[in-house]
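Notes follow once the structure below has been shown.
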Amino acid sequence: MEPIKLEFDNRLADQLEADRLDYRTAAYWKIDKVVALILLGTGVYTVAGAGLHWWTLIWFPAAVAEWFNLLSLRPLQVRWFFKRNPKFRETYRLTFSEESVHFKTASIDSQIAWTHYTRVIEGREVILLVYGTRMYTVIPTRAFADGAQKAAFLDLARRKARRA
């Protein structure tokens, strides 16, 4: 099999999408749902006990916002890290072979063993090569020349990334 070569510049939108994809595939969303139900229950309890006041009604929009993950500061964190990390300003040149992943930028030239990665998460806009909790390599789908190259990459990555 020929190595798969990708070249791309990082975009904030890719990092935000990667964070959302990681969130949806981890247990975080379950915790948010439980907290939203607690907020809803608190709202019902305070309205039943104290009546209709602004401070008893505030629990309901907070519950809805928590249910849809609108209270999270994570997108602000991602933006902050993206703007301050020089690695995101460099062009990524990645080569995926049966043996390893060659990761090259202006400041990085590294050979990474496939065993470094534990799983692959595929989204519409990005693919994540996961190597820890909230730690992953982001591969934007726009970096692939065509659907065949993307399919070959996914086949290789799923075969090679060891399962956690």
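Identifiers in this document derive from the order of the structure tokens: chains are assigned A, B, ..., residues are numbered from 1 separately in each chain, and ligands are numbered from 1 in order of occurrence.
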Which polymer residues have any atom within 10 Å of an atom of region 142-154 of chain A, counting only C-alpha atoms, with same-chain residues fewer than 6 positions away left out, as a ChimeraX atom specification? /A:1-9,14,96-97,120-122,124-127,160
Could you pull out all residues of chain A with a DSSP call of alpha helix (DSSP H) and give them as an MDAnalysis selection string? chainID A and resid 12:25 28:50 54:57 59:67 74:84 147:160
Those residues you just picked out, can you put them in a file as a PDB file, in the first residue's frame with C-alpha atoms?
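Okay, out_20.pdb is ready:
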ATOM      1  CA  LEU A  12     -10.073  27.457  14.093  1.00  0.00           C
ATOM      2  CA  ALA A  13     -13.295  25.948  12.717  1.00  0.00           C
ATOM      3  CA  ASP A  14     -11.587  22.534  12.502  1.00  0.00           C
ATOM      4  CA  GLN A  15     -10.443  22.725  16.119  1.00  0.00           C
ATOM      5  CA  LEU A  16     -13.906  23.761  17.315  1.00  0.00           C
ATOM      6  CA  GLU A  17     -15.505  20.936  15.330  1.00  0.00           C
ATOM      7  CA  ALA A  18     -12.957  18.476  16.741  1.00  0.00           C
ATOM      8  CA  ASP A  19     -13.825  19.555  20.272  1.00  0.00           C
ATOM      9  CA  ARG A  20     -17.570  19.146  19.570  1.00  0.00           C
ATOM     10  CA  LEU A  21     -16.966  15.699  18.043  1.00  0.00           C
ATOM     11  CA  ASP A  22     -14.886  14.620  21.032  1.00  0.00           C
ATOM     12  CA  TYR A  23     -17.621  15.919  23.367  1.00  0.00           C
ATOM     13  CA  ARG A  24     -20.354  13.976  21.558  1.00  0.00           C
ATOM     14  CA  THR A  25     -18.407  10.710  21.627  1.00  0.00           C
ATOM     15  CA  TYR A  28     -19.365  14.514  28.969  1.00  0.00           C
ATOM     16  CA  TRP A  29     -22.745  14.943  27.293  1.00  0.00           C
ATOM     17  CA  LYS A  30     -24.323  12.499  29.773  1.00  0.00           C
ATOM     18  CA  ILE A  31     -23.110  14.601  32.697  1.00  0.00           C
ATOM     19  CA  ASP A  32     -24.580  17.722  31.085  1.00  0.00           C
ATOM     20  CA  LYS A  33     -27.954  16.006  30.729  1.00  0.00           C
ATOM     21  CA  VAL A  34     -27.962  15.012  34.407  1.00  0.00           C
ATOM     22  CA  VAL A  35     -27.046  18.556  35.471  1.00  0.00           C
ATOM     23  CA  ALA A  36     -29.823  19.937  33.221  1.00  0.00           C
ATOM     24  CA  LEU A  37     -32.356  17.646  34.900  1.00  0.00           C
ATOM     25  CA  ILE A  38     -31.122  18.751  38.329  1.00  0.00           C
ATOM     26  CA  LEU A  39     -31.540  22.395  37.287  1.00  0.00           C
ATOM     27  CA  LEU A  40     -35.053  21.650  36.033  1.00  0.00           C
ATOM     28  CA  GLY A  41     -35.921  19.876  39.275  1.00  0.00           C
ATOM     29  CA  THR A  42     -34.538  22.803  41.267  1.00  0.00           C
ATOM     30  CA  GLY A  43     -36.734  25.152  39.239  1.00  0.00           C
ATOM     31  CA  VAL A  44     -39.855  23.098  39.899  1.00  0.00           C
ATOM     32  CA  TYR A  45     -39.006  22.850  43.602  1.00  0.00           C
ATOM     33  CA  THR A  46     -38.367  26.603  44.029  1.00  0.00           C
ATOM     34  CA  VAL A  47     -41.513  27.621  42.118  1.00  0.00           C
ATOM     35  CA  ALA A  48     -43.597  25.162  44.154  1.00  0.00           C
ATOM     36  CA  GLY A  49     -42.083  26.405  47.406  1.00  0.00           C
ATOM     37  CA  ALA A  50     -41.694  30.135  46.869  1.00  0.00           C
ATOM     38  CA  TRP A  54     -37.425  35.889  38.765  1.00  0.00           C
ATOM     39  CA  TRP A  55     -35.046  33.895  40.954  1.00  0.00           C
ATOM     40  CA  THR A  56     -37.289  30.820  40.852  1.00  0.00           C
ATOM     41  CA  LEU A  57     -37.782  31.011  37.081  1.00  0.00           C
ATOM     42  CA  TRP A  59     -33.581  27.675  36.708  1.00  0.00           C
ATOM     43  CA  PHE A  60     -35.655  26.800  33.619  1.00  0.00           C
ATOM     44  CA  PRO A  61     -33.638  28.650  30.962  1.00  0.00           C
ATOM     45  CA  ALA A  62     -30.463  27.488  32.733  1.00  0.00           C
ATOM     46  CA  ALA A  63     -31.672  23.879  32.411  1.00  0.00           C
ATOM     47  CA  VAL A  64     -32.370  24.329  28.682  1.00  0.00           C
ATOM     48  CA  ALA A  65     -28.997  25.992  28.137  1.00  0.00           C
ATOM     49  CA  GLU A  66     -27.220  23.177  29.992  1.00  0.00           C
ATOM     50  CA  TRP A  67     -29.150  20.517  28.054  1.00  0.00           C
ATOM     51  CA  ARG A  74     -14.872  25.086  26.258  1.00  0.00           C
ATOM     52  CA  PRO A  75     -15.313  26.879  22.891  1.00  0.00           C
ATOM     53  CA  LEU A  76     -13.680  29.965  24.408  1.00  0.00           C
ATOM     54  CA  GLN A  77     -10.813  27.796  25.658  1.00  0.00           C
ATOM     55  CA  VAL A  78     -10.328  26.254  22.219  1.00  0.00           C
ATOM     56  CA  ARG A  79     -10.244  29.728  20.624  1.00  0.00           C
ATOM     57  CA  TRP A  80      -7.759  30.979  23.229  1.00  0.00           C
ATOM     58  CA  PHE A  81      -5.424  27.984  22.809  1.00  0.00           C
ATOM     59  CA  PHE A  82      -5.651  28.122  19.024  1.00  0.00           C
ATOM     60  CA  LYS A  83      -4.663  31.783  18.835  1.00  0.00           C
ATOM     61  CA  ARG A  84      -1.770  31.381  21.271  1.00  0.00           C
ATOM     62  CA  GLY A 147     -13.286  10.037  -1.261  1.00  0.00           C
ATOM     63  CA  ALA A 148     -11.016   7.136  -2.222  1.00  0.00           C
ATOM     64  CA  GLN A 149      -8.040   8.661  -0.392  1.00  0.00           C
ATOM     65  CA  LYS A 150     -10.209   9.309   2.676  1.00  0.00           C
ATOM     66  CA  ALA A 151     -11.525   5.722   2.617  1.00  0.00           C
ATOM     67  CA  ALA A 152      -7.974   4.332   2.323  1.00  0.00           C
ATOM     68  CA  PHE A 153      -6.871   6.505   5.247  1.00  0.00           C
ATOM     69  CA  LEU A 154      -9.791   5.411   7.438  1.00  0.00           C
ATOM     70  CA  ASP A 155      -9.095   1.761   6.636  1.00  0.00           C
ATOM     71  CA  LEU A 156      -5.425   2.167   7.552  1.00  0.00           C
ATOM     72  CA  ALA A 157      -6.092   4.192  10.695  1.00  0.00           C
ATOM     73  CA  ARG A 158      -8.757   1.804  11.999  1.00  0.00           C
ATOM     74  CA  ARG A 159      -6.495  -1.189  11.432  1.00  0.00           C
ATOM     75  CA  LYS A 160      -3.446   0.417  13.021  1.00  0.00           C
TER      76      LYS A 160
END
Test item, strand (DSSP E or B) assignment across region 6-72 of chain A, answer as a list of chain:residue names: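 Those in region 6-72 of chain A that DSSP calls strand (DSSP E or B) are A:Leu6, A:Glu7, A:Phe8, A:Asp9.
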